[in-house]
file entry-v3.txt (compact mmCIF, N, CA and C atoms)
# COMPACT_ATOMS: atom_id res chain seq x y z
N MET Y 577 114.47 209.75 53.36
CA MET Y 577 113.99 209.46 52.03
C MET Y 577 112.69 210.20 51.84
N ALA Y 578 112.55 210.81 50.70
CA ALA Y 578 111.39 211.67 50.42
C ALA Y 578 110.15 210.81 50.23
N GLY Y 579 109.05 211.28 50.82
CA GLY Y 579 107.77 210.61 50.64
C GLY Y 579 107.57 209.39 51.52
N SER Y 580 108.41 209.21 52.53
CA SER Y 580 108.23 208.04 53.39
C SER Y 580 107.02 208.25 54.31
N ALA Y 581 106.45 207.17 54.76
CA ALA Y 581 105.24 207.24 55.58
C ALA Y 581 105.55 207.58 57.04
N VAL Y 582 106.81 207.42 57.43
CA VAL Y 582 107.19 207.68 58.81
C VAL Y 582 107.85 209.05 58.89
N ASP Y 583 107.28 209.92 59.72
CA ASP Y 583 107.85 211.24 59.94
C ASP Y 583 108.95 211.12 60.98
N THR Y 584 110.15 211.57 60.64
CA THR Y 584 111.23 211.47 61.60
C THR Y 584 111.50 212.81 62.23
N GLY Y 585 111.73 212.79 63.51
CA GLY Y 585 112.07 214.00 64.24
C GLY Y 585 113.57 214.21 64.22
N ARG Y 586 114.07 214.99 65.14
CA ARG Y 586 115.50 215.21 65.23
C ARG Y 586 116.20 213.91 65.59
N GLY Y 587 117.34 213.69 64.99
CA GLY Y 587 118.11 212.49 65.29
C GLY Y 587 117.64 211.28 64.52
N GLY Y 588 116.72 211.44 63.57
CA GLY Y 588 116.27 210.33 62.75
C GLY Y 588 115.31 209.37 63.44
N ARG Y 589 114.86 209.71 64.62
CA ARG Y 589 113.90 208.84 65.31
C ARG Y 589 112.51 209.02 64.74
N PRO Y 590 111.75 207.94 64.62
CA PRO Y 590 110.38 208.09 64.17
C PRO Y 590 109.52 208.78 65.23
N ARG Y 591 108.71 209.72 64.77
CA ARG Y 591 107.80 210.42 65.68
C ARG Y 591 106.42 209.82 65.55
N GLY Y 592 105.83 209.54 66.68
CA GLY Y 592 104.48 208.99 66.67
C GLY Y 592 103.46 210.11 66.68
N GLY Y 593 102.24 209.72 66.70
CA GLY Y 593 101.17 210.69 66.77
C GLY Y 593 100.87 211.05 68.21
N LEU Y 594 99.60 211.11 68.51
CA LEU Y 594 99.16 211.48 69.85
C LEU Y 594 98.82 210.26 70.71
N TRP Y 595 99.01 209.05 70.16
CA TRP Y 595 98.63 207.85 70.91
C TRP Y 595 99.46 207.67 72.17
N VAL Y 596 100.75 207.73 72.06
CA VAL Y 596 101.61 207.50 73.23
C VAL Y 596 101.40 208.57 74.29
N PRO Y 597 101.47 209.87 73.94
CA PRO Y 597 101.23 210.88 74.98
C PRO Y 597 99.83 210.79 75.57
N GLY Y 598 98.84 210.47 74.75
CA GLY Y 598 97.48 210.35 75.25
C GLY Y 598 97.32 209.20 76.23
N LEU Y 599 97.87 208.04 75.90
CA LEU Y 599 97.78 206.89 76.79
C LEU Y 599 98.56 207.10 78.08
N VAL Y 600 99.74 207.71 77.97
CA VAL Y 600 100.53 207.97 79.17
C VAL Y 600 99.78 208.93 80.10
N ASN Y 601 99.18 209.97 79.55
CA ASN Y 601 98.44 210.93 80.38
C ASN Y 601 97.16 210.31 80.95
N LEU Y 602 96.53 209.40 80.22
CA LEU Y 602 95.38 208.68 80.79
C LEU Y 602 95.81 207.81 81.97
N VAL Y 603 96.95 207.16 81.84
CA VAL Y 603 97.45 206.34 82.94
C VAL Y 603 97.83 207.22 84.13
N LEU Y 604 98.40 208.39 83.88
CA LEU Y 604 98.71 209.32 84.95
C LEU Y 604 97.44 209.81 85.65
N GLY Y 605 96.33 209.77 84.97
CA GLY Y 605 95.07 210.20 85.55
C GLY Y 605 94.56 209.27 86.65
N ILE Y 606 95.03 208.03 86.66
CA ILE Y 606 94.57 207.09 87.69
C ILE Y 606 95.10 207.49 89.07
N PRO Y 607 96.42 207.71 89.26
CA PRO Y 607 96.84 208.18 90.59
C PRO Y 607 96.44 209.63 90.86
N ALA Y 608 96.17 210.39 89.81
CA ALA Y 608 95.76 211.79 90.00
C ALA Y 608 94.34 211.88 90.57
N MET Y 609 93.63 210.76 90.61
CA MET Y 609 92.29 210.78 91.19
C MET Y 609 92.32 211.08 92.68
N VAL Y 610 93.41 210.74 93.35
CA VAL Y 610 93.50 211.00 94.80
C VAL Y 610 93.47 212.50 95.10
N PRO Y 611 94.39 213.31 94.54
CA PRO Y 611 94.29 214.74 94.85
C PRO Y 611 93.05 215.40 94.27
N LEU Y 612 92.57 214.92 93.15
CA LEU Y 612 91.35 215.50 92.58
C LEU Y 612 90.15 215.23 93.48
N ASP Y 613 90.07 214.04 94.04
CA ASP Y 613 88.95 213.73 94.92
C ASP Y 613 89.05 214.51 96.23
N LEU Y 614 90.26 214.66 96.75
CA LEU Y 614 90.45 215.46 97.96
C LEU Y 614 90.07 216.92 97.72
N ALA Y 615 90.46 217.46 96.58
CA ALA Y 615 90.10 218.84 96.26
C ALA Y 615 88.59 218.98 96.11
N TRP Y 616 87.94 218.00 95.49
CA TRP Y 616 86.48 218.04 95.34
C TRP Y 616 85.79 217.99 96.69
N TRP Y 617 86.28 217.15 97.60
CA TRP Y 617 85.69 217.04 98.93
C TRP Y 617 85.84 218.36 99.69
N LEU Y 618 87.03 218.96 99.61
CA LEU Y 618 87.23 220.23 100.31
C LEU Y 618 86.33 221.33 99.74
N LEU Y 619 86.15 221.34 98.43
CA LEU Y 619 85.31 222.36 97.80
C LEU Y 619 83.82 222.16 98.07
N THR Y 620 83.39 220.92 98.18
CA THR Y 620 81.96 220.67 98.32
C THR Y 620 81.51 220.41 99.75
N GLU Y 621 82.39 219.98 100.63
CA GLU Y 621 82.01 219.67 102.00
C GLU Y 621 82.54 220.69 103.01
N TYR Y 622 83.81 221.03 102.91
CA TYR Y 622 84.42 221.88 103.93
C TYR Y 622 84.14 223.37 103.70
N LEU Y 623 84.35 223.84 102.50
CA LEU Y 623 84.18 225.28 102.24
C LEU Y 623 82.75 225.79 102.43
N PRO Y 624 81.71 225.04 102.09
CA PRO Y 624 80.35 225.57 102.30
C PRO Y 624 79.92 225.62 103.77
N MET Y 625 80.68 225.01 104.68
CA MET Y 625 80.29 225.02 106.09
C MET Y 625 80.36 226.43 106.67
N ASP Y 626 79.57 226.65 107.71
CA ASP Y 626 79.53 227.95 108.38
C ASP Y 626 80.65 228.14 109.39
N CYS Y 627 81.29 227.07 109.82
CA CYS Y 627 82.30 227.19 110.87
C CYS Y 627 83.66 226.72 110.37
N ARG Y 628 84.70 227.17 111.07
CA ARG Y 628 86.06 226.82 110.69
C ARG Y 628 86.87 226.24 111.85
N SER Y 629 86.31 226.22 113.07
CA SER Y 629 87.03 225.67 114.21
C SER Y 629 86.07 224.89 115.09
N MET Y 630 86.63 224.15 116.04
CA MET Y 630 85.82 223.33 116.94
C MET Y 630 84.98 224.19 117.88
N GLU Y 631 85.42 225.40 118.16
CA GLU Y 631 84.65 226.28 119.04
C GLU Y 631 83.32 226.69 118.41
N ASP Y 632 83.24 226.69 117.10
CA ASP Y 632 82.02 227.10 116.40
C ASP Y 632 80.95 226.01 116.36
N VAL Y 633 81.30 224.77 116.75
CA VAL Y 633 80.36 223.65 116.61
C VAL Y 633 79.11 223.87 117.46
N GLY Y 634 79.23 224.30 118.69
CA GLY Y 634 78.08 224.43 119.56
C GLY Y 634 77.45 225.81 119.58
N ARG Y 635 78.03 226.76 118.91
CA ARG Y 635 77.50 228.12 118.93
C ARG Y 635 76.24 228.26 118.10
N PRO Y 636 75.32 229.10 118.55
CA PRO Y 636 74.15 229.37 117.72
C PRO Y 636 74.57 230.23 116.52
N GLY Y 637 73.84 230.11 115.48
CA GLY Y 637 74.15 230.86 114.26
C GLY Y 637 75.04 230.09 113.30
N HIS Y 638 75.39 228.86 113.65
CA HIS Y 638 76.19 227.99 112.78
C HIS Y 638 75.44 226.67 112.59
N PRO Y 639 74.34 226.70 111.86
CA PRO Y 639 73.55 225.47 111.73
C PRO Y 639 74.22 224.41 110.86
N ASP Y 640 75.05 224.83 109.92
CA ASP Y 640 75.68 223.88 109.00
C ASP Y 640 77.12 223.62 109.45
N CYS Y 641 77.28 223.11 110.66
CA CYS Y 641 78.60 222.88 111.22
C CYS Y 641 78.70 221.42 111.67
N GLU Y 642 79.57 220.65 111.03
CA GLU Y 642 79.69 219.23 111.34
C GLU Y 642 81.06 218.94 111.96
N TYR Y 643 81.05 218.20 113.04
CA TYR Y 643 82.28 217.82 113.72
C TYR Y 643 83.14 216.93 112.82
N THR Y 644 82.52 215.97 112.14
CA THR Y 644 83.26 215.03 111.31
C THR Y 644 84.00 215.74 110.18
N THR Y 645 83.33 216.68 109.54
CA THR Y 645 83.96 217.41 108.45
C THR Y 645 85.13 218.24 108.97
N LEU Y 646 84.95 218.89 110.11
CA LEU Y 646 86.05 219.64 110.70
C LEU Y 646 87.20 218.73 111.09
N ASP Y 647 86.89 217.55 111.56
CA ASP Y 647 87.93 216.60 111.99
C ASP Y 647 88.75 216.11 110.81
N TYR Y 648 88.12 215.90 109.67
CA TYR Y 648 88.82 215.38 108.50
C TYR Y 648 89.47 216.47 107.65
N ALA Y 649 89.15 217.71 107.87
CA ALA Y 649 89.63 218.79 107.00
C ALA Y 649 91.14 218.95 107.04
N GLY Y 650 91.74 218.91 108.21
CA GLY Y 650 93.19 219.07 108.33
C GLY Y 650 93.97 217.99 107.61
N PRO Y 651 93.69 216.71 107.91
CA PRO Y 651 94.39 215.65 107.17
C PRO Y 651 94.10 215.68 105.66
N ALA Y 652 92.89 216.06 105.28
CA ALA Y 652 92.56 216.13 103.86
C ALA Y 652 93.38 217.22 103.17
N MET Y 653 93.54 218.36 103.83
CA MET Y 653 94.36 219.43 103.25
C MET Y 653 95.82 219.01 103.14
N PHE Y 654 96.32 218.33 104.17
CA PHE Y 654 97.71 217.85 104.13
C PHE Y 654 97.91 216.85 103.01
N MET Y 655 97.00 215.87 102.90
CA MET Y 655 97.12 214.86 101.84
C MET Y 655 96.95 215.48 100.45
N LEU Y 656 96.10 216.49 100.34
CA LEU Y 656 95.95 217.19 99.06
C LEU Y 656 97.25 217.88 98.68
N ALA Y 657 97.88 218.52 99.65
CA ALA Y 657 99.15 219.20 99.36
C ALA Y 657 100.23 218.20 98.94
N VAL Y 658 100.36 217.09 99.67
CA VAL Y 658 101.40 216.11 99.37
C VAL Y 658 101.13 215.40 98.05
N SER Y 659 99.93 214.86 97.89
CA SER Y 659 99.64 214.10 96.67
C SER Y 659 99.53 215.02 95.45
N GLY Y 660 98.99 216.23 95.65
CA GLY Y 660 98.89 217.17 94.53
C GLY Y 660 100.26 217.62 94.05
N LEU Y 661 101.16 217.91 94.98
CA LEU Y 661 102.52 218.31 94.60
C LEU Y 661 103.24 217.17 93.91
N PHE Y 662 103.07 215.96 94.43
CA PHE Y 662 103.68 214.79 93.80
C PHE Y 662 103.18 214.61 92.37
N MET Y 663 101.87 214.71 92.16
CA MET Y 663 101.32 214.54 90.82
C MET Y 663 101.76 215.66 89.88
N LEU Y 664 101.83 216.89 90.38
CA LEU Y 664 102.30 217.99 89.54
C LEU Y 664 103.74 217.77 89.09
N VAL Y 665 104.59 217.28 90.00
CA VAL Y 665 105.98 217.01 89.64
C VAL Y 665 106.06 215.89 88.61
N VAL Y 666 105.27 214.83 88.81
CA VAL Y 666 105.29 213.71 87.86
C VAL Y 666 104.79 214.15 86.49
N ILE Y 667 103.72 214.92 86.46
CA ILE Y 667 103.17 215.38 85.18
C ILE Y 667 104.15 216.33 84.49
N LEU Y 668 104.78 217.21 85.23
CA LEU Y 668 105.80 218.10 84.66
C LEU Y 668 106.97 217.30 84.11
N LEU Y 669 107.40 216.30 84.85
CA LEU Y 669 108.51 215.46 84.41
C LEU Y 669 108.15 214.71 83.12
N VAL Y 670 106.97 214.09 83.11
CA VAL Y 670 106.58 213.26 81.96
C VAL Y 670 106.22 214.11 80.74
N ASP Y 671 105.54 215.22 80.94
CA ASP Y 671 105.03 215.99 79.81
C ASP Y 671 105.96 217.09 79.33
N VAL Y 672 106.97 217.46 80.11
CA VAL Y 672 107.86 218.54 79.69
C VAL Y 672 109.32 218.09 79.67
N VAL Y 673 109.81 217.62 80.81
CA VAL Y 673 111.25 217.34 80.92
C VAL Y 673 111.68 216.18 80.04
N LEU Y 674 110.99 215.06 80.12
CA LEU Y 674 111.40 213.90 79.32
C LEU Y 674 111.31 214.14 77.81
N PRO Y 675 110.25 214.77 77.29
CA PRO Y 675 110.26 215.06 75.85
C PRO Y 675 111.41 216.00 75.45
N LEU Y 676 111.72 216.98 76.28
CA LEU Y 676 112.83 217.87 75.96
C LEU Y 676 114.17 217.14 75.97
N ARG Y 677 114.33 216.21 76.88
CA ARG Y 677 115.58 215.43 76.93
C ARG Y 677 115.72 214.52 75.72
N ARG Y 678 114.60 214.05 75.17
CA ARG Y 678 114.64 213.22 73.97
C ARG Y 678 114.80 214.04 72.70
N GLY Y 679 114.75 215.36 72.82
CA GLY Y 679 114.84 216.21 71.64
C GLY Y 679 113.50 216.42 70.97
N ASP Y 680 112.44 216.08 71.64
CA ASP Y 680 111.09 216.23 71.11
C ASP Y 680 110.48 217.51 71.68
N ARG Y 681 109.58 218.11 70.92
CA ARG Y 681 108.87 219.28 71.45
C ARG Y 681 107.78 218.81 72.41
N PRO Y 682 107.64 219.47 73.56
CA PRO Y 682 106.64 219.01 74.52
C PRO Y 682 105.20 219.41 74.17
N GLY Y 683 104.99 220.04 73.03
CA GLY Y 683 103.65 220.49 72.66
C GLY Y 683 102.64 219.37 72.57
N ARG Y 684 103.03 218.23 71.97
CA ARG Y 684 102.10 217.09 71.87
C ARG Y 684 101.76 216.56 73.25
N TRP Y 685 102.76 216.50 74.11
CA TRP Y 685 102.55 215.97 75.45
C TRP Y 685 101.69 216.93 76.27
N LEU Y 686 101.97 218.20 76.20
CA LEU Y 686 101.19 219.17 76.95
C LEU Y 686 99.76 219.26 76.42
N GLY Y 687 99.59 219.07 75.12
CA GLY Y 687 98.26 219.09 74.53
C GLY Y 687 97.38 217.95 75.02
N THR Y 688 98.00 216.82 75.31
CA THR Y 688 97.22 215.67 75.79
C THR Y 688 97.19 215.60 77.32
N ALA Y 689 97.82 216.55 78.00
CA ALA Y 689 97.83 216.54 79.47
C ALA Y 689 96.43 216.71 80.05
N VAL Y 690 95.52 217.25 79.28
CA VAL Y 690 94.14 217.40 79.76
C VAL Y 690 93.50 216.03 80.00
N LEU Y 691 94.04 215.00 79.39
CA LEU Y 691 93.49 213.65 79.58
C LEU Y 691 93.76 213.10 80.97
N VAL Y 692 94.62 213.77 81.75
CA VAL Y 692 94.83 213.37 83.14
C VAL Y 692 93.52 213.47 83.92
N LEU Y 693 92.68 214.40 83.54
CA LEU Y 693 91.39 214.59 84.23
C LEU Y 693 90.33 213.57 83.82
N ALA Y 694 90.53 212.87 82.72
CA ALA Y 694 89.50 211.98 82.17
C ALA Y 694 89.08 210.85 83.11
N PRO Y 695 89.99 210.09 83.72
CA PRO Y 695 89.51 209.00 84.60
C PRO Y 695 88.67 209.51 85.76
N TYR Y 696 89.07 210.60 86.38
CA TYR Y 696 88.30 211.14 87.50
C TYR Y 696 86.94 211.65 87.02
N THR Y 697 86.91 212.29 85.88
CA THR Y 697 85.66 212.81 85.35
C THR Y 697 84.69 211.69 85.03
N VAL Y 698 85.19 210.62 84.45
CA VAL Y 698 84.34 209.49 84.12
C VAL Y 698 83.77 208.83 85.38
N LEU Y 699 84.63 208.60 86.37
CA LEU Y 699 84.15 208.00 87.61
C LEU Y 699 83.19 208.91 88.37
N ALA Y 700 83.43 210.21 88.34
CA ALA Y 700 82.53 211.15 89.01
C ALA Y 700 81.17 211.17 88.31
N ALA Y 701 81.17 211.06 87.00
CA ALA Y 701 79.91 211.05 86.26
C ALA Y 701 79.14 209.75 86.50
N LEU Y 702 79.85 208.64 86.66
CA LEU Y 702 79.19 207.37 86.89
C LEU Y 702 78.69 207.23 88.33
N GLY Y 703 79.37 207.90 89.26
CA GLY Y 703 79.03 207.73 90.67
C GLY Y 703 78.18 208.82 91.11
call {"tool": "encode", "arguments": {"input": "entry-v3.txt", "output": "structure tokens"}}
result
Amino acid sequence: MAGSAVDTGRGGRPRGGLWVPGLVNLVLGIPAMVPLDLAWWLLTEYLPMDCRSMEDVGRPGHPDCEYTTLDYAGPAMFMLAVSGLFMLVVILLVDVVLPLRRGDRPGRWLGTAVLVLAPYTVLAALG
């Protein structure tokens, strides 16, 4: 019907605005904090170190070499790979595959995908 307040997409379904994709991506940001925090730790703690192996710990010329950071780096990289891949698959599924299966364009969903970073950014700013 012409002039109706509800915009219908393909198949006569009502199309919402950005509220649903925005809220879904904000909720996805909560579990995404795990790989984001692991990536932040690797970038700020592991990469600036002078050494990359246990043999470098006692050598002169490596003043910024910590055993604890070296010990945690391997498991942190593994968990980053596992949790990061899992989150990428979930975000791809939610923001691309499911809208396409419903006959909706994924543009709205992909446009709000940046909100996945919001919970981590807020907590990092507060902490």
call {"tool": "closest_residue", "arguments": {"input": "entry-v3.txt", "among": "Y:Leu602, Y:Val672, Y:Leu594, Y:Val666", "to": "Y:Ala694", "atoms": "all atoms listed in the file"}}
result
Y:Leu602
call {"tool": "atom_distance", "arguments": {"input": "entry-v3.txt", "atom1": "atom CA of Y:Thr644", "atom2": "atom C of Y:Leu693"}}
result
28.4 Å
call {"tool": "closest_residue", "arguments": {"input": "entry-v3.txt", "among": "Y:Pro636, Y:Ala652, Y:Val690, Y:Cys641", "to": "Y:Leu618", "atoms": "only C-alpha atoms"}}
result
Y:Ala652
call {"tool": "closest_residue", "arguments": {"input": "entry-v3.txt", "among": "Y:Leu604, Y:Leu614, Y:Leu623, Y:Leu691", "to": "Y:Met653", "atoms": "only C-alpha atoms"}}
result
Y:Leu614
call {"tool": "select_by_dssp", "arguments": {"input": "entry-v3.txt", "residues": "stretch 617-692 of chain Y", "states": "helix (DSSP H, G or I)", "output": "PyMOL selection string"}}
result
chain Y and resi 617-622+630-632+643-677+683-687+689-692
call {"tool": "residues_around", "arguments": {"input": "entry-v3.txt", "residues": "Y:Gly650", "least_positions_apart": "5", "cutoff": "12 Å", "atoms": "only C-alpha atoms", "output": "list in words"}}
result
Leu614, Leu618, Tyr622, Arg628, Ser629, Thr644, Thr645, Met655, Leu656 and Ala657 of chain Y
call {"tool": "atom_distance", "arguments": {"input": "entry-v3.txt", "atom1": "atom CA of Y:Tyr648", "atom2": "atom CA of Y:Ala700"}}
result
20.9 Å
call {"tool": "residues_near_point", "arguments": {"input": "entry-v3.txt", "point": "(107.3, 213.2, 79.6)", "cutoff": "10 Å", "atoms": "only C-alpha atoms", "output": "JSON, numbers by chain"}}
result
{"Y": [597, 600, 601, 666, 667, 668, 669, 670, 671, 672, 673, 674, 675, 676, 677, 678, 680, 682, 685, 686]}
call {"tool": "atom_distance", "arguments": {"input": "entry-v3.txt", "atom1": "atom N of Y:Val603", "atom2": "atom CA of Y:Thr688"}}
result
10.4 Å
call {"tool": "residues_around", "arguments": {"input": "entry-v3.txt", "residues": "Y:Pro611", "least_positions_apart": "4", "cutoff": "6.5 Å", "atoms": "all atoms listed in the file", "output": "ChimeraX atom specification"}}
result
/Y:607,615-616,655-656,659-660
call {"tool": "build_atoms", "arguments": {"input": "entry-v3.txt", "residues": "stretch 655-666 of chain Y", "atoms": "all heavy atoms", "output": "PDB file, in the frame of the given file"}}
result
ATOM      1  N   MET Y 655      97.000 215.870 102.900  1.00  0.00           N
ATOM      2  CA  MET Y 655      97.120 214.860 101.840  1.00  0.00           C
ATOM      3  C   MET Y 655      96.950 215.480 100.450  1.00  0.00           C
ATOM      4  O   MET Y 655      97.594 215.049  99.499  1.00  0.00           O
ATOM      5  CB  MET Y 655      96.113 213.736 102.047  1.00  0.00           C
ATOM      6  CG  MET Y 655      96.454 212.819 103.201  1.00  0.00           C
ATOM      7  SD  MET Y 655      98.105 212.093 103.048  1.00  0.00           S
ATOM      8  CE  MET Y 655      97.937 211.181 101.531  1.00  0.00           C
ATOM      9  N   LEU Y 656      96.100 216.490 100.340  1.00  0.00           N
ATOM     10  CA  LEU Y 656      95.950 217.190  99.060  1.00  0.00           C
ATOM     11  C   LEU Y 656      97.250 217.880  98.680  1.00  0.00           C
ATOM     12  O   LEU Y 656      97.676 217.808  97.522  1.00  0.00           O
ATOM     13  CB  LEU Y 656      94.808 218.196  99.118  1.00  0.00           C
ATOM     14  CG  LEU Y 656      94.639 219.101  97.894  1.00  0.00           C
ATOM     15  CD1 LEU Y 656      94.350 218.276  96.652  1.00  0.00           C
ATOM     16  CD2 LEU Y 656      93.540 220.110  98.143  1.00  0.00           C
ATOM     17  N   ALA Y 657      97.880 218.520  99.650  1.00  0.00           N
ATOM     18  CA  ALA Y 657      99.150 219.200  99.360  1.00  0.00           C
ATOM     19  C   ALA Y 657     100.230 218.200  98.940  1.00  0.00           C
ATOM     20  O   ALA Y 657     100.936 218.420  97.953  1.00  0.00           O
ATOM     21  CB  ALA Y 657      99.598 220.002 100.576  1.00  0.00           C
ATOM     22  N   VAL Y 658     100.360 217.090  99.670  1.00  0.00           N
ATOM     23  CA  VAL Y 658     101.400 216.110  99.370  1.00  0.00           C
ATOM     24  C   VAL Y 658     101.130 215.400  98.050  1.00  0.00           C
ATOM     25  O   VAL Y 658     102.000 215.350  97.162  1.00  0.00           O
ATOM     26  CB  VAL Y 658     101.507 215.086 100.524  1.00  0.00           C
ATOM     27  CG1 VAL Y 658     102.419 213.924 100.149  1.00  0.00           C
ATOM     28  CG2 VAL Y 658     102.011 215.767 101.789  1.00  0.00           C
ATOM     29  N   SER Y 659      99.930 214.860  97.890  1.00  0.00           N
ATOM     30  CA  SER Y 659      99.640 214.100  96.670  1.00  0.00           C
ATOM     31  C   SER Y 659      99.530 215.020  95.450  1.00  0.00           C
ATOM     32  O   SER Y 659      99.926 214.652  94.345  1.00  0.00           O
ATOM     33  CB  SER Y 659      98.370 213.271  96.827  1.00  0.00           C
ATOM     34  OG  SER Y 659      97.253 214.100  97.065  1.00  0.00           O
ATOM     35  N   GLY Y 660      98.990 216.230  95.650  1.00  0.00           N
ATOM     36  CA  GLY Y 660      98.890 217.170  94.530  1.00  0.00           C
ATOM     37  C   GLY Y 660     100.260 217.620  94.050  1.00  0.00           C
ATOM     38  O   GLY Y 660     100.515 217.695  92.848  1.00  0.00           O
ATOM     39  N   LEU Y 661     101.160 217.910  94.980  1.00  0.00           N
ATOM     40  CA  LEU Y 661     102.520 218.310  94.600  1.00  0.00           C
ATOM     41  C   LEU Y 661     103.240 217.170  93.910  1.00  0.00           C
ATOM     42  O   LEU Y 661     103.914 217.369  92.897  1.00  0.00           O
ATOM     43  CB  LEU Y 661     103.295 218.759  95.840  1.00  0.00           C
ATOM     44  CG  LEU Y 661     104.709 219.265  95.586  1.00  0.00           C
ATOM     45  CD1 LEU Y 661     104.683 220.519  94.723  1.00  0.00           C
ATOM     46  CD2 LEU Y 661     105.407 219.545  96.904  1.00  0.00           C
ATOM     47  N   PHE Y 662     103.070 215.960  94.430  1.00  0.00           N
ATOM     48  CA  PHE Y 662     103.680 214.790  93.800  1.00  0.00           C
ATOM     49  C   PHE Y 662     103.180 214.610  92.370  1.00  0.00           C
ATOM     50  O   PHE Y 662     103.976 214.410  91.442  1.00  0.00           O
ATOM     51  CB  PHE Y 662     103.397 213.527  94.618  1.00  0.00           C
ATOM     52  CG  PHE Y 662     103.895 212.275  93.966  1.00  0.00           C
ATOM     53  CD1 PHE Y 662     105.247 211.980  93.944  1.00  0.00           C
ATOM     54  CD2 PHE Y 662     103.011 211.396  93.358  1.00  0.00           C
ATOM     55  CE1 PHE Y 662     105.711 210.823  93.325  1.00  0.00           C
ATOM     56  CE2 PHE Y 662     103.466 210.247  92.742  1.00  0.00           C
ATOM     57  CZ  PHE Y 662     104.820 209.952  92.731  1.00  0.00           C
ATOM     58  N   MET Y 663     101.870 214.710  92.160  1.00  0.00           N
ATOM     59  CA  MET Y 663     101.320 214.540  90.820  1.00  0.00           C
ATOM     60  C   MET Y 663     101.760 215.660  89.880  1.00  0.00           C
ATOM     61  O   MET Y 663     102.025 215.424  88.702  1.00  0.00           O
ATOM     62  CB  MET Y 663      99.794 214.438  90.860  1.00  0.00           C
ATOM     63  CG  MET Y 663      99.280 213.101  91.339  1.00  0.00           C
ATOM     64  SD  MET Y 663      99.996 211.649  90.528  1.00  0.00           S
ATOM     65  CE  MET Y 663      99.631 211.944  88.816  1.00  0.00           C
ATOM     66  N   LEU Y 664     101.830 216.890  90.380  1.00  0.00           N
ATOM     67  CA  LEU Y 664     102.300 217.990  89.540  1.00  0.00           C
ATOM     68  C   LEU Y 664     103.740 217.770  89.090  1.00  0.00           C
ATOM     69  O   LEU Y 664     104.091 218.023  87.935  1.00  0.00           O
ATOM     70  CB  LEU Y 664     102.168 219.316  90.269  1.00  0.00           C
ATOM     71  CG  LEU Y 664     100.756 219.877  90.371  1.00  0.00           C
ATOM     72  CD1 LEU Y 664     100.760 221.140  91.232  1.00  0.00           C
ATOM     73  CD2 LEU Y 664     100.189 220.182  89.000  1.00  0.00           C
ATOM     74  N   VAL Y 665     104.590 217.280  90.000  1.00  0.00           N
ATOM     75  CA  VAL Y 665     105.980 217.010  89.640  1.00  0.00           C
ATOM     76  C   VAL Y 665     106.060 215.890  88.610  1.00  0.00           C
ATOM     77  O   VAL Y 665     106.794 215.983  87.625  1.00  0.00           O
ATOM     78  CB  VAL Y 665     106.810 216.681  90.900  1.00  0.00           C
ATOM     79  CG1 VAL Y 665     108.164 216.106  90.537  1.00  0.00           C
ATOM     80  CG2 VAL Y 665     106.971 217.923  91.764  1.00  0.00           C
ATOM     81  N   VAL Y 666     105.270 214.830  88.810  1.00  0.00           N
ATOM     82  CA  VAL Y 666     105.290 213.710  87.860  1.00  0.00           C
ATOM     83  C   VAL Y 666     104.790 214.150  86.490  1.00  0.00           C
ATOM     84  O   VAL Y 666     105.382 213.821  85.454  1.00  0.00           O
ATOM     85  CB  VAL Y 666     104.455 212.518  88.400  1.00  0.00           C
ATOM     86  CG1 VAL Y 666     104.231 211.465  87.325  1.00  0.00           C
ATOM     87  CG2 VAL Y 666     105.137 211.910  89.603  1.00  0.00           C
TER      88      VAL Y 666
END
